[in-house]
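S.K.: Got target-v9.tsv for you, TSV, C-alpha atoms:
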chain	number	residue	atom	x	y	z
A	1	MET	CA	29.70	-16.92	2.12
A	2	LYS	CA	29.55	-13.35	0.78
A	3	ALA	CA	25.93	-13.85	-0.36
A	4	ARG	CA	24.99	-15.16	3.10
A	5	PHE	CA	26.61	-12.13	4.76
A	6	ILE	CA	24.70	-9.74	2.44
A	7	ALA	CA	21.41	-11.55	3.18
A	8	ILE	CA	21.96	-11.40	6.95
A	9	THR	CA	22.87	-7.70	6.76
A	10	ALA	CA	19.75	-6.94	4.69
A	11	LEU	CA	17.51	-8.80	7.16
A	12	ALA	CA	19.09	-6.97	10.10
A	13	SER	CA	18.53	-3.64	8.34
A	14	VAL	CA	14.84	-4.46	7.72
A	15	SER	CA	14.46	-5.53	11.35
A	16	LEU	CA	16.03	-2.29	12.63
A	17	ASN	CA	13.86	-0.17	10.34
A	18	ALA	CA	10.76	-2.07	11.48
A	19	GLN	CA	11.64	-1.26	15.08
A	20	LYS	CA	11.72	2.44	14.20
A	21	LEU	CA	8.31	2.37	12.47
A	22	SER	CA	4.93	1.56	14.03
A	23	TYR	CA	1.43	1.64	12.51
A	24	THR	CA	-1.79	1.36	14.56
A	25	PRO	CA	-5.13	1.42	12.70
A	26	ASP	CA	-8.41	1.74	14.63
A	27	ILE	CA	-11.71	1.02	12.82
A	28	VAL	CA	-15.19	1.69	14.21
A	29	LEU	CA	-18.47	0.49	12.74
A	30	GLY	CA	-21.05	2.65	14.49
A	31	HIS	CA	-24.76	3.40	14.30
A	32	ARG	CA	-24.19	6.70	12.46
A	33	SER	CA	-20.92	6.34	10.58
A	34	TYR	CA	-17.79	4.39	9.76
A	35	THR	CA	-14.60	5.72	11.41
A	36	TYR	CA	-11.03	5.02	10.39
A	37	MET	CA	-8.18	6.37	12.53
A	38	HIS	CA	-4.48	5.55	12.59
A	39	ASN	CA	-1.24	6.54	14.27
A	40	VAL	CA	2.04	6.14	12.39
A	41	ASN	CA	5.25	6.73	14.37
A	42	TYR	CA	8.78	6.87	13.03
A	43	GLN	CA	11.73	7.24	15.41
A	44	LEU	CA	14.39	9.37	13.73
A	45	ASN	CA	16.84	9.08	16.63
A	46	GLU	CA	16.81	8.84	20.43
A	47	ARG	CA	15.10	12.21	20.82
A	48	LEU	CA	13.31	12.99	17.54
A	49	LYS	CA	10.11	11.29	16.39
A	50	LEU	CA	7.65	11.85	13.54
A	51	ASN	CA	3.95	11.08	13.97
A	52	ASN	CA	0.99	11.07	11.61
A	53	LEU	CA	-2.51	10.96	13.10
A	54	THR	CA	-5.30	10.57	10.54
A	55	LEU	CA	-9.04	10.34	11.18
A	56	PHE	CA	-11.92	10.01	8.73
A	57	ASP	CA	-15.50	9.72	9.97
A	58	THR	CA	-17.91	9.05	7.10
A	59	GLU	CA	-21.67	8.69	7.31
A	60	TYR	CA	-23.22	5.68	5.61
A	61	THR	CA	-25.88	7.49	3.58
A	62	LYS	CA	-24.92	11.19	3.56
A	63	ASP	CA	-21.77	13.33	3.36
A	64	LYS	CA	-23.20	16.25	5.36
A	65	GLU	CA	-21.61	15.35	8.73
A	66	ASN	CA	-18.29	13.90	7.57
A	67	ILE	CA	-15.31	14.63	9.84
A	68	PHE	CA	-11.65	14.67	8.87
A	69	PHE	CA	-8.49	15.25	10.89
A	70	ILE	CA	-4.90	14.89	9.64
A	71	ARG	CA	-1.99	15.97	11.85
A	72	ASN	CA	1.75	15.60	11.22
A	73	THR	CA	3.92	16.13	14.30
A	74	LEU	CA	7.63	16.47	14.95
A	75	SER	CA	8.38	15.59	18.58
A	76	TYR	CA	11.57	16.32	20.52
A	77	MET	CA	12.07	14.44	23.80
A	78	LEU	CA	13.25	16.87	26.48
A	79	THR	CA	13.33	14.29	29.28
A	80	LYS	CA	12.04	10.75	29.72
A	81	ARG	CA	8.50	12.07	30.27
A	82	PHE	CA	8.41	15.54	28.67
A	83	SER	CA	8.49	16.38	24.98
A	84	ALA	CA	8.08	19.51	22.84
A	85	ASN	CA	5.97	19.19	19.69
A	86	ALA	CA	5.28	21.14	16.51
A	87	ALA	CA	2.46	20.06	14.20
A	88	PHE	CA	0.54	21.05	11.09
A	89	GLY	CA	-2.43	19.48	9.36
A	90	MET	CA	-6.03	19.72	8.19
A	91	LYS	CA	-9.28	19.41	10.11
A	92	ASN	CA	-12.82	20.75	9.77
A	93	PRO	CA	-12.92	23.50	8.57
A	94	GLY	CA	-9.32	23.85	7.22
A	95	ALA	CA	-5.58	23.96	7.82
A	96	PHE	CA	-4.06	24.41	11.29
A	97	PHE	CA	-0.71	24.70	13.07
A	98	SER	CA	0.05	23.64	16.66
A	99	ALA	CA	2.83	23.86	19.22
A	100	TYR	CA	2.50	22.06	22.54
A	101	LEU	CA	4.23	20.34	25.46
A	102	GLN	CA	3.43	16.75	26.35
A	103	TYR	CA	3.83	14.75	29.56
A	104	LYS	CA	3.71	10.96	29.22
A	105	ILE	CA	3.90	7.97	31.57
A	106	ILE	CA	4.22	4.46	30.13
A	107	GLN	CA	3.91	1.39	32.36
A	108	PRO	CA	3.31	-2.29	31.49
A	109	ALA	CA	-0.42	-2.13	32.37
A	110	TYR	CA	-1.25	1.50	31.58
A	111	SER	CA	-0.17	4.69	29.84
A	112	LEU	CA	-1.15	8.30	30.46
A	113	SER	CA	-0.48	11.33	28.28
A	114	TYR	CA	-1.40	14.98	28.80
A	115	SER	CA	-0.58	17.85	26.45
A	116	ILE	CA	-1.20	21.59	26.44
A	117	GLY	CA	-0.36	24.22	23.85
A	118	THR	CA	-1.71	26.54	21.21
A	119	THR	CA	-3.36	25.87	17.85
A	120	TYR	CA	-3.86	28.37	15.04
A	121	GLN	CA	-6.83	27.88	12.72
A	122	LYS	CA	-8.46	31.18	11.75
A	123	GLY	CA	-7.25	32.46	15.13
A	124	PHE	CA	-5.38	31.12	18.16
A	125	SER	CA	-6.87	28.72	20.70
A	126	LEU	CA	-5.66	26.90	23.79
A	127	GLU	CA	-5.69	23.17	23.10
A	128	GLN	CA	-5.50	20.45	25.74
A	129	SER	CA	-5.64	16.70	25.31
A	130	ILE	CA	-5.52	13.68	27.58
A	131	SER	CA	-5.08	10.05	26.62
A	132	PHE	CA	-5.35	7.09	29.00
A	133	GLU	CA	-4.97	3.38	28.21
A	134	TYR	CA	-5.36	0.50	30.70
A	135	THR	CA	-4.69	-3.17	29.88
A	136	PRO	CA	-4.98	-5.43	32.96
A	137	TYR	CA	-4.56	-9.21	32.62
A	138	LEU	CA	-7.83	-11.17	32.54
A	139	THR	CA	-6.37	-14.58	31.69
A	140	GLU	CA	-2.98	-15.84	30.52
A	141	ASN	CA	-3.76	-14.95	26.89
A	142	PHE	CA	-6.26	-12.09	27.23
A	143	LYS	CA	-6.06	-8.61	28.70
A	144	GLY	CA	-8.81	-6.13	29.31
A	145	TYR	CA	-8.65	-2.98	27.19
A	146	PHE	CA	-9.92	0.45	28.19
A	147	SER	CA	-8.89	3.72	26.56
A	148	VAL	CA	-10.03	7.34	26.60
A	149	LEU	CA	-8.92	10.15	24.30
A	150	ALA	CA	-10.25	13.66	24.95
A	151	ILE	CA	-9.27	16.86	23.11
A	152	GLY	CA	-10.65	20.34	23.69
A	153	ASN	CA	-10.02	23.82	22.27
A	154	LEU	CA	-10.76	27.08	24.12
A	155	ASP	CA	-10.63	30.60	22.65
A	156	ASP	CA	-12.24	34.00	23.21
A	157	SER	CA	-15.52	32.66	21.78
A	158	GLY	CA	-15.65	29.74	24.24
A	159	TYR	CA	-15.39	26.08	23.24
A	160	PRO	CA	-15.12	25.83	19.44
A	161	ARG	CA	-14.14	22.15	19.17
A	162	GLY	CA	-13.93	19.05	21.31
A	163	LEU	CA	-13.98	15.29	21.03
A	164	GLN	CA	-13.99	12.23	23.29
A	165	PHE	CA	-13.24	8.69	22.11
A	166	ILE	CA	-13.86	5.75	24.47
A	167	ARG	CA	-12.94	2.10	23.88
A	168	LEU	CA	-13.83	-0.88	26.10
A	169	GLY	CA	-12.93	-4.43	25.14
A	170	VAL	CA	-10.24	-7.10	25.23
A	171	LYS	CA	-6.69	-7.38	23.95
A	172	ARG	CA	-4.90	-10.46	22.66
A	173	ASP	CA	-1.31	-10.06	21.50
A	174	LYS	CA	-1.40	-7.01	19.19
A	175	MET	CA	-5.15	-6.95	18.50
A	176	MET	CA	-7.85	-5.13	20.46
A	177	TYR	CA	-11.62	-5.24	19.88
A	178	GLY	CA	-14.86	-4.42	21.68
A	179	LEU	CA	-17.27	-1.50	22.12
A	180	ALA	CA	-16.57	2.05	20.96
A	181	SER	CA	-18.15	5.47	21.39
A	182	ASN	CA	-17.12	8.70	19.67
A	183	PHE	CA	-18.46	12.12	20.73
A	184	ASP	CA	-17.78	15.38	18.86
A	185	GLN	CA	-18.75	18.96	19.73
A	186	PHE	CA	-18.59	22.04	17.48
A	187	ASN	CA	-19.26	25.78	18.03
A	188	ASN	CA	-19.68	25.80	21.81
A	189	GLY	CA	-21.75	22.63	21.73
A	190	LYS	CA	-24.34	24.05	19.31
A	191	LYS	CA	-23.62	21.05	17.10
A	192	THR	CA	-22.88	17.59	18.52
A	193	LEU	CA	-22.34	14.20	16.90
A	194	GLU	CA	-22.26	10.71	18.38
A	195	ASN	CA	-21.19	7.38	16.95
A	196	ILE	CA	-21.57	4.19	19.02
A	197	GLY	CA	-20.67	0.71	17.83
A	198	ALA	CA	-17.84	-1.83	17.67
A	199	PHE	CA	-14.12	-1.33	17.09
A	200	VAL	CA	-11.06	-3.32	16.11
A	201	LYS	CA	-7.51	-2.04	16.56
A	202	TYR	CA	-4.13	-3.57	15.71
A	203	ASN	CA	-0.54	-2.64	16.60
A	204	PHE	CA	1.78	-3.36	13.67
Before we go any further, please render this structure as structure tokens.
M.R.:
Amino acid sequence: MKARFIAITALASVSLNAQKLSYTPDIVLGHRSYTYMHNVNYQLNERLKLNNLTLFDTEYTKDKENIFFIRNTLSYMLTKRFSANAAFGMKNPGAFFSAYLQYKIIQPAYSLSYSIGTTYQKGFSLEQSISFEYTPYLTENFKGYFSVLAIGNLDDSGYPRGLQFIRLGVKRDKMMYGLASNFDQFNNGKKTLENIGAFVKYNF
């Protein structure tokens, strides 16, 4: 009886911890490069959440245009839709720190997020981002899947960095797959990169 109680308690603990932790990898096989991106979320309590966003974009034959982005964020929920965030990480060309406010709407068929704040990386910049995801039912087992992620930085030199990721496909249970396009801009658009191909994404 005691062993059964211990086993049930352990399983309940694992289940509760699993509910606090989520992992979502997104893989793109494109014409120019292979892209791996993930979001890891851990809910500390009702208001505090940790997030890790990691992106690696690696060319097939050369390392000249590789892109990396790693951001660790502590988020504090002010209201149901507003949160305050502090983040640090690494991205081309080095370390950065950010502080920003985020507004988020989550509905069964769509979600929308907008954030604005400041980032320091060899100087301060105004950073804005918008994320939109739409999953309408197509059949009983399949949903459509459309998502857009756009991030842009503005400073006294203009537009030093921006990116836009677009996904269009289908969703079944926790898996999404279809067509993908990634667009990156550097140094006021003097340098641009594109990667178009297929993606697969899974919500663990």
S.K.: Which one of A:Val170, A:Ala99, A:Ala150, A:Leu193 sits closest to Ser83 in chain A if you count all atoms listed in the file?
M.R.: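 Of the candidates, the smallest distance to Ser83 in chain A is held by A:Ala99.
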S.K.: Identify, on the basis of all atoms listed in the file, every residue whose closest approach to Phe142 in chain A does not exceed 8 Å; exclude the query and any residue fewer than 5 positions from it along the same chain; express the result as a PyMOL selection string.
M.R.: chain A and resi 137+170-173
S.K.: Return the single residue from A:Phe132, A:Tyr60, A:Tyr103, A:Phe69 that is closest to His38 in chain A, with distances computed using all atoms listed in the file.
M.R.: A:Phe69
S.K.: Of the candidates A:Leu50, A:Val28, A:Ile166, A:Met90, which shows the shortest atom-to-atom distance to Ser181 in chain A, using all atoms listed in the file?
M.R.: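 Using all atoms listed in the file, Ser181 in chain A sits closest to A:Ile166.
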S.K.: Write out as a PDB file with C-alpha atoms, keeping the file's coordinate frame each polymer residue whose atoms come within 7 Å of Thr135 in chain A, counting all atoms listed in the file; drop sequence neighbours fewer than 2 positions from it.
M.R.:
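Final output, result-v2.pdb:
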ATOM      1  CA  ALA A 109      -0.420  -2.130  32.370  1.00  0.00           C
ATOM      2  CA  TYR A 110      -1.250   1.500  31.580  1.00  0.00           C
ATOM      3  CA  GLU A 133      -4.970   3.380  28.210  1.00  0.00           C
ATOM      4  CA  TYR A 137      -4.560  -9.210  32.620  1.00  0.00           C
ATOM      5  CA  LYS A 143      -6.060  -8.610  28.700  1.00  0.00           C
ATOM      6  CA  GLY A 144      -8.810  -6.130  29.310  1.00  0.00           C
ATOM      7  CA  TYR A 145      -8.650  -2.980  27.190  1.00  0.00           C
ATOM      8  CA  PHE A 146      -9.920   0.450  28.190  1.00  0.00           C
TER       9      PHE A 146
END
S.K.: Rank nothing, just name the residue among A:Phe165, A:Gly197, A:Ile130, A:Ile116 nearest to Leu55 in chain A, using only C-alpha atoms.
M.R.: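 Closest residue, counting only C-alpha atoms: A:Phe165.
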S.K.: Could you check the closest approach to Asp184 in chain A for each of A:Asn153, A:Ser75, A:Gln107, A:Thr61 and tell me which residue wins, using only C-alpha atoms?
M.R.: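 Once distances to Asp184 in chain A are computed over only C-alpha atoms, the minimum belongs to A:Asn153.
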S.K.: Generate all heavy atoms for range 124-135 of chain A and emit them as a PDB file, in the coordinates of the input.
M.R.:
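And here is the file that came out, out-v6.pdb:
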ATOM      1  N   PHE A 124      -6.050  31.975  17.196  1.00  0.00           N
ATOM      2  CA  PHE A 124      -5.380  31.120  18.160  1.00  0.00           C
ATOM      3  C   PHE A 124      -6.362  30.559  19.184  1.00  0.00           C
ATOM      4  O   PHE A 124      -7.331  31.220  19.576  1.00  0.00           O
ATOM      5  CB  PHE A 124      -4.284  31.900  18.901  1.00  0.00           C
ATOM      6  CG  PHE A 124      -3.068  32.173  18.056  1.00  0.00           C
ATOM      7  CD1 PHE A 124      -2.918  33.396  17.417  1.00  0.00           C
ATOM      8  CD2 PHE A 124      -2.086  31.200  17.894  1.00  0.00           C
ATOM      9  CE1 PHE A 124      -1.804  33.649  16.637  1.00  0.00           C
ATOM     10  CE2 PHE A 124      -0.967  31.445  17.115  1.00  0.00           C
ATOM     11  CZ  PHE A 124      -0.829  32.681  16.487  1.00  0.00           C
ATOM     12  N   SER A 125      -6.087  29.329  19.627  1.00  0.00           N
ATOM     13  CA  SER A 125      -6.870  28.720  20.700  1.00  0.00           C
ATOM     14  C   SER A 125      -5.945  27.928  21.608  1.00  0.00           C
ATOM     15  O   SER A 125      -4.859  27.498  21.194  1.00  0.00           O
ATOM     16  CB  SER A 125      -7.962  27.804  20.132  1.00  0.00           C
ATOM     17  OG  SER A 125      -7.389  26.689  19.469  1.00  0.00           O
ATOM     18  N   LEU A 126      -6.367  27.753  22.846  1.00  0.00           N
ATOM     19  CA  LEU A 126      -5.660  26.900  23.790  1.00  0.00           C
ATOM     20  C   LEU A 126      -6.182  25.489  23.610  1.00  0.00           C
ATOM     21  O   LEU A 126      -7.382  25.247  23.726  1.00  0.00           O
ATOM     22  CB  LEU A 126      -5.904  27.376  25.226  1.00  0.00           C
ATOM     23  CG  LEU A 126      -5.324  26.474  26.329  1.00  0.00           C
ATOM     24  CD1 LEU A 126      -3.796  26.548  26.341  1.00  0.00           C
ATOM     25  CD2 LEU A 126      -5.901  26.856  27.693  1.00  0.00           C
ATOM     26  N   GLU A 127      -5.269  24.556  23.307  1.00  0.00           N
ATOM     27  CA  GLU A 127      -5.690  23.170  23.100  1.00  0.00           C
ATOM     28  C   GLU A 127      -5.089  22.281  24.182  1.00  0.00           C
ATOM     29  O   GLU A 127      -3.897  22.345  24.473  1.00  0.00           O
ATOM     30  CB  GLU A 127      -5.264  22.662  21.726  1.00  0.00           C
ATOM     31  CG  GLU A 127      -5.692  21.226  21.459  1.00  0.00           C
ATOM     32  CD  GLU A 127      -5.483  20.791  20.018  1.00  0.00           C
ATOM     33  OE1 GLU A 127      -5.880  21.557  19.109  1.00  0.00           O
ATOM     34  OE2 GLU A 127      -4.917  19.709  19.798  1.00  0.00           O
ATOM     35  N   GLN A 128      -5.935  21.436  24.766  1.00  0.00           N
ATOM     36  CA  GLN A 128      -5.500  20.450  25.740  1.00  0.00           C
ATOM     37  C   GLN A 128      -5.993  19.081  25.310  1.00  0.00           C
ATOM     38  O   GLN A 128      -7.071  18.959  24.720  1.00  0.00           O
ATOM     39  CB  GLN A 128      -6.059  20.766  27.128  1.00  0.00           C
ATOM     40  CG  GLN A 128      -5.600  22.089  27.697  1.00  0.00           C
ATOM     41  CD  GLN A 128      -6.152  22.324  29.082  1.00  0.00           C
ATOM     42  OE1 GLN A 128      -5.662  21.777  30.070  1.00  0.00           O
ATOM     43  NE2 GLN A 128      -7.199  23.133  29.165  1.00  0.00           N
ATOM     44  N   SER A 129      -5.201  18.070  25.608  1.00  0.00           N
ATOM     45  CA  SER A 129      -5.640  16.700  25.310  1.00  0.00           C
ATOM     46  C   SER A 129      -5.138  15.765  26.401  1.00  0.00           C
ATOM     47  O   SER A 129      -4.086  15.992  27.012  1.00  0.00           O
ATOM     48  CB  SER A 129      -5.126  16.242  23.943  1.00  0.00           C
ATOM     49  OG  SER A 129      -3.733  16.016  23.970  1.00  0.00           O
ATOM     50  N   ILE A 130      -5.913  14.712  26.635  1.00  0.00           N
ATOM     51  CA  ILE A 130      -5.520  13.680  27.580  1.00  0.00           C
ATOM     52  C   ILE A 130      -5.846  12.323  26.968  1.00  0.00           C
ATOM     53  O   ILE A 130      -6.874  12.148  26.316  1.00  0.00           O
ATOM     54  CB  ILE A 130      -6.222  13.852  28.948  1.00  0.00           C
ATOM     55  CG1 ILE A 130      -5.657  12.838  29.955  1.00  0.00           C
ATOM     56  CG2 ILE A 130      -7.735  13.761  28.815  1.00  0.00           C
ATOM     57  CD1 ILE A 130      -6.025  13.143  31.385  1.00  0.00           C
ATOM     58  N   SER A 131      -4.918  11.400  27.127  1.00  0.00           N
ATOM     59  CA  SER A 131      -5.080  10.050  26.620  1.00  0.00           C
ATOM     60  C   SER A 131      -4.705   9.065  27.718  1.00  0.00           C
ATOM     61  O   SER A 131      -3.646   9.197  28.336  1.00  0.00           O
ATOM     62  CB  SER A 131      -4.198   9.831  25.377  1.00  0.00           C
ATOM     63  OG  SER A 131      -4.262   8.491  24.947  1.00  0.00           O
ATOM     64  N   PHE A 132      -5.592   8.100  27.965  1.00  0.00           N
ATOM     65  CA  PHE A 132      -5.350   7.090  29.000  1.00  0.00           C
ATOM     66  C   PHE A 132      -5.669   5.724  28.442  1.00  0.00           C
ATOM     67  O   PHE A 132      -6.703   5.533  27.798  1.00  0.00           O
ATOM     68  CB  PHE A 132      -6.210   7.372  30.237  1.00  0.00           C
ATOM     69  CG  PHE A 132      -6.072   6.329  31.314  1.00  0.00           C
ATOM     70  CD1 PHE A 132      -4.914   6.236  32.068  1.00  0.00           C
ATOM     71  CD2 PHE A 132      -7.105   5.427  31.564  1.00  0.00           C
ATOM     72  CE1 PHE A 132      -4.776   5.268  33.065  1.00  0.00           C
ATOM     73  CE2 PHE A 132      -6.987   4.465  32.553  1.00  0.00           C
ATOM     74  CZ  PHE A 132      -5.817   4.388  33.309  1.00  0.00           C
ATOM     75  N   GLU A 133      -4.775   4.754  28.684  1.00  0.00           N
ATOM     76  CA  GLU A 133      -4.970   3.380  28.210  1.00  0.00           C
ATOM     77  C   GLU A 133      -4.627   2.417  29.343  1.00  0.00           C
ATOM     78  O   GLU A 133      -3.595   2.552  29.988  1.00  0.00           O
ATOM     79  CB  GLU A 133      -4.096   3.110  26.999  1.00  0.00           C
ATOM     80  CG  GLU A 133      -4.390   1.815  26.289  1.00  0.00           C
ATOM     81  CD  GLU A 133      -3.621   1.674  24.985  1.00  0.00           C
ATOM     82  OE1 GLU A 133      -3.991   2.357  24.005  1.00  0.00           O
ATOM     83  OE2 GLU A 133      -2.642   0.907  24.966  1.00  0.00           O
ATOM     84  N   TYR A 134      -5.522   1.445  29.601  1.00  0.00           N
ATOM     85  CA  TYR A 134      -5.360   0.500  30.700  1.00  0.00           C
ATOM     86  C   TYR A 134      -5.591  -0.918  30.180  1.00  0.00           C
ATOM     87  O   TYR A 134      -6.621  -1.201  29.555  1.00  0.00           O
ATOM     88  CB  TYR A 134      -6.357   0.838  31.812  1.00  0.00           C
ATOM     89  CG  TYR A 134      -6.282  -0.052  33.027  1.00  0.00           C
ATOM     90  CD1 TYR A 134      -5.071  -0.316  33.674  1.00  0.00           C
ATOM     91  CD2 TYR A 134      -7.440  -0.623  33.560  1.00  0.00           C
ATOM     92  CE1 TYR A 134      -5.014  -1.126  34.792  1.00  0.00           C
ATOM     93  CE2 TYR A 134      -7.400  -1.420  34.689  1.00  0.00           C
ATOM     94  CZ  TYR A 134      -6.176  -1.675  35.305  1.00  0.00           C
ATOM     95  OH  TYR A 134      -6.124  -2.474  36.421  1.00  0.00           O
ATOM     96  N   THR A 135      -4.617  -1.804  30.412  1.00  0.00           N
ATOM     97  CA  THR A 135      -4.690  -3.170  29.880  1.00  0.00           C
ATOM     98  C   THR A 135      -4.342  -4.188  30.974  1.00  0.00           C
ATOM     99  O   THR A 135      -3.256  -4.773  30.968  1.00  0.00           O
ATOM    100  CB  THR A 135      -3.749  -3.352  28.681  1.00  0.00           C
ATOM    101  OG1 THR A 135      -2.414  -2.972  29.085  1.00  0.00           O
ATOM    102  CG2 THR A 135      -4.181  -2.495  27.502  1.00  0.00           C
TER     103      THR A 135
END
